[in-house]
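> The structure follows.
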Amino acid sequence: MPDDTSLSVEVFESVVSPIFEGSEALADADIDTISDLLILRGKEEWALRPRTYAVLRMMNRLDAMGTFIHYRLNDFNIPYTVDRLLSVFSDYSSRESFVEKQTLVVTKESGKAYDLERNRGRHRHFAYDADSHFVVIRRLGRGGFGEVDCVRSKLSLREYAVRSLVLGQATVRKLTLDSGKECTV
């Protein structure tokens, strides 16, 4: 029996369908909306992979979502190559279609987030709110100079510590990566 927070298929489709009208690239706000709606539909594992969901929906191949989950593939793995998708799709045309359509879900901003996580140990400065690529899980600590939060990347699903330092009226945020290095966010 669905709980009171579940979303009916009809309501879900009425909100999601317009996102996919046309052949334009999706914005980060569209990706966040898709993720939020998938959670409301009770598809938590799918909601962790909204870009993958979007590509599969464009291909009419949502049946493959379980395979991405089974192999622990997430949005951080985008962009895929045709060969890398062999474990997901047995037919070449589906692999080729995924590779073609994945360009519609990678935005300039998400590209910077990929870059941040792939280039560990390098400082990164974002001209936009990089917090949109991370979900705060819990507060780890607070001190005289700022706060430290545990966050999860929306792309890689990895957890990081983000330190916010208050310097006068400005706040500087640093992302601590697995290697112990820091990236300015």
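Following the order of the structure tokens, chains are lettered A, B, ..., residues in each are numbered from 1, and ligands are numbered from 1.
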Could you list, as an MDAnalysis selection string, every residue within 12 Å of Ala29 in chain A, counting only C-alpha atoms and ignoring same-chain residues fewer than 4 positions away?

chainID A and resid 19 25 33:36 50:51 105 107 109:110 132:133

> Could you turn the residues from that selection into a file that holds all heavy atoms, as a short mmCIF file (atom, residue, chain, number, x, y, z; two decimals), in the first residue's frame?


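In the end it all went to selection-v2.cif:
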data_model
loop_
_atom_site.label_atom_id
_atom_site.label_comp_id
_atom_site.auth_asym_id
_atom_site.auth_seq_id
_atom_site.Cartn_x
_atom_site.Cartn_y
_atom_site.Cartn_z
N ILE A 19 9.45 17.80 -19.57
CA ILE A 19 10.91 17.94 -19.52
C ILE A 19 11.53 17.32 -20.77
O ILE A 19 12.55 17.80 -21.28
CB ILE A 19 11.47 17.29 -18.24
CG1 ILE A 19 11.02 18.07 -17.01
CG2 ILE A 19 12.99 17.20 -18.29
CD1 ILE A 19 11.36 17.41 -15.68
N ALA A 25 18.94 19.86 -24.80
CA ALA A 25 19.65 19.34 -23.64
C ALA A 25 18.90 19.71 -22.36
O ALA A 25 18.25 20.75 -22.28
CB ALA A 25 21.06 19.91 -23.61
N THR A 33 14.79 17.97 -10.69
CA THR A 33 13.35 17.70 -10.66
C THR A 33 13.07 16.22 -10.90
O THR A 33 12.27 15.61 -10.20
CB THR A 33 12.61 18.55 -11.73
OG1 THR A 33 12.79 19.93 -11.41
CG2 THR A 33 11.14 18.22 -11.78
N ILE A 34 13.77 15.64 -11.87
CA ILE A 34 13.61 14.22 -12.16
C ILE A 34 13.96 13.39 -10.93
O ILE A 34 13.22 12.48 -10.54
CB ILE A 34 14.47 13.80 -13.38
CG1 ILE A 34 13.91 14.43 -14.66
CG2 ILE A 34 14.57 12.28 -13.49
CD1 ILE A 34 14.84 14.35 -15.84
N SER A 35 15.06 13.71 -10.28
CA SER A 35 15.49 12.98 -9.09
C SER A 35 14.45 13.08 -7.98
O SER A 35 14.07 12.08 -7.36
CB SER A 35 16.84 13.50 -8.61
OG SER A 35 17.28 12.77 -7.49
N ASP A 36 13.97 14.29 -7.73
CA ASP A 36 12.95 14.50 -6.69
C ASP A 36 11.68 13.71 -6.98
O ASP A 36 11.09 13.10 -6.08
CB ASP A 36 12.62 15.99 -6.55
CG ASP A 36 13.77 16.81 -6.01
OD1 ASP A 36 14.72 16.23 -5.43
OD2 ASP A 36 13.73 18.05 -6.17
N PRO A 50 19.66 10.18 -11.94
CA PRO A 50 18.67 10.87 -12.78
C PRO A 50 19.13 11.10 -14.21
O PRO A 50 18.30 11.09 -15.13
CB PRO A 50 18.43 12.19 -12.04
CG PRO A 50 19.69 12.41 -11.26
CD PRO A 50 20.15 11.03 -10.86
N ARG A 51 20.41 11.28 -14.44
CA ARG A 51 20.90 11.47 -15.81
C ARG A 51 20.79 10.17 -16.60
O ARG A 51 20.40 10.17 -17.76
CB ARG A 51 22.34 11.99 -15.80
CG ARG A 51 22.45 13.38 -15.20
CD ARG A 51 23.90 13.83 -15.02
NE ARG A 51 23.97 14.95 -14.11
CZ ARG A 51 23.69 16.20 -14.43
NH1 ARG A 51 23.36 16.51 -15.67
NH2 ARG A 51 23.75 17.16 -13.53
N VAL A 105 22.38 15.23 -21.38
CA VAL A 105 22.23 15.31 -19.92
C VAL A 105 23.47 15.82 -19.20
O VAL A 105 23.47 15.95 -17.99
CB VAL A 105 21.79 13.95 -19.32
CG1 VAL A 105 20.47 13.50 -19.91
CG2 VAL A 105 22.87 12.90 -19.47
N THR A 107 25.66 18.91 -18.52
CA THR A 107 25.66 20.36 -18.65
C THR A 107 27.04 20.92 -18.37
O THR A 107 27.92 20.22 -17.85
CB THR A 107 24.66 20.99 -17.65
OG1 THR A 107 25.12 20.71 -16.32
CG2 THR A 107 23.26 20.44 -17.85
N GLU A 109 27.77 23.00 -16.06
CA GLU A 109 27.95 22.98 -14.62
C GLU A 109 28.26 21.59 -14.11
O GLU A 109 29.13 21.40 -13.28
CB GLU A 109 26.71 23.54 -13.91
CG GLU A 109 26.54 25.04 -14.07
CD GLU A 109 26.00 25.45 -15.43
OE1 GLU A 109 25.38 24.61 -16.12
OE2 GLU A 109 26.21 26.61 -15.81
N SER A 110 27.55 20.58 -14.63
CA SER A 110 27.82 19.22 -14.16
C SER A 110 29.21 18.78 -14.63
O SER A 110 29.89 18.02 -13.94
CB SER A 110 26.76 18.24 -14.64
OG SER A 110 26.77 18.08 -16.03
N SER A 132 25.00 22.79 -5.30
CA SER A 132 23.90 22.13 -6.01
C SER A 132 24.30 20.74 -6.49
O SER A 132 23.44 19.94 -6.84
CB SER A 132 23.43 22.98 -7.19
OG SER A 132 24.45 23.08 -8.15
N HIS A 133 25.58 20.41 -6.47
CA HIS A 133 26.04 19.08 -6.89
C HIS A 133 26.25 18.14 -5.71
O HIS A 133 26.69 17.02 -5.90
CB HIS A 133 27.31 19.20 -7.71
CG HIS A 133 27.10 19.93 -8.99
ND1 HIS A 133 26.33 19.43 -10.01
CD2 HIS A 133 27.47 21.16 -9.38
CE1 HIS A 133 26.28 20.30 -11.00
NE2 HIS A 133 26.96 21.35 -10.63
#

> Quick one: residues within 7 Å of range 87-100 of chain A, only C-alpha atoms counted, chain neighbours fewer than 4 positions away excluded, as a list in words?

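The residues that qualify are Val55, Ala64, Thr67, Phe68, Tyr80, Thr81 and Val82 of chain A.
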
> How would the residues just picked look written out with N, CA, C and O atoms as a short mmCIF file (atom, residue, chain, number, x, y, z; two decimals), in the first residue's frame?


data_model
loop_
_atom_site.label_atom_id
_atom_site.label_comp_id
_atom_site.auth_asym_id
_atom_site.auth_seq_id
_atom_site.Cartn_x
_atom_site.Cartn_y
_atom_site.Cartn_z
N VAL A 55 18.45 9.51 -20.00
CA VAL A 55 18.92 8.93 -21.26
C VAL A 55 18.09 7.69 -21.61
O VAL A 55 17.63 7.55 -22.75
N ALA A 64 16.30 -1.17 -18.80
CA ALA A 64 17.73 -1.37 -18.53
C ALA A 64 18.19 -0.73 -17.23
O ALA A 64 19.34 -0.93 -16.82
N THR A 67 19.81 -2.95 -14.64
CA THR A 67 21.16 -3.41 -14.97
C THR A 67 22.19 -2.37 -14.54
O THR A 67 23.24 -2.73 -14.00
N PHE A 68 21.91 -1.09 -14.76
CA PHE A 68 22.82 -0.03 -14.29
C PHE A 68 22.97 -0.11 -12.77
O PHE A 68 24.08 0.03 -12.25
N TYR A 80 29.82 7.49 -21.27
CA TYR A 80 30.14 6.11 -21.58
C TYR A 80 30.64 6.00 -23.01
O TYR A 80 30.35 6.85 -23.85
N THR A 81 31.37 4.92 -23.26
CA THR A 81 31.73 4.57 -24.63
C THR A 81 30.84 3.39 -25.03
O THR A 81 30.25 2.72 -24.18
N VAL A 82 30.77 3.13 -26.30
CA VAL A 82 29.97 2.01 -26.80
C VAL A 82 30.45 0.71 -26.16
O VAL A 82 29.64 -0.12 -25.73
#

> Which polymer residues have any atom within 6 Å of an atom of range 149-156 of chain A, counting only C-alpha atoms, with same-chain residues fewer than 2 positions away left out, as a VMD selection string?

chain A and resid 75 to 76 133 to 140 158 to 162

> Which residues, written as JSON, numbers by chain, have at least one atom at most 12 Å from Phe20 in chain A, with only C-alpha atoms counted and residues fewer than 4 positions away on the same chain left out?

{"A": [13, 14, 15, 16, 24, 25, 26, 27, 30, 31, 34, 53, 54, 55, 56, 57, 58, 59, 60, 101, 104, 105]}

> Just to confirm, what's the straight-line distance from CA of Leu7 in chain A to CA of Asn74 in chain A in Å (one decimal)?

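Interatomic distance here is 23.7 Å.
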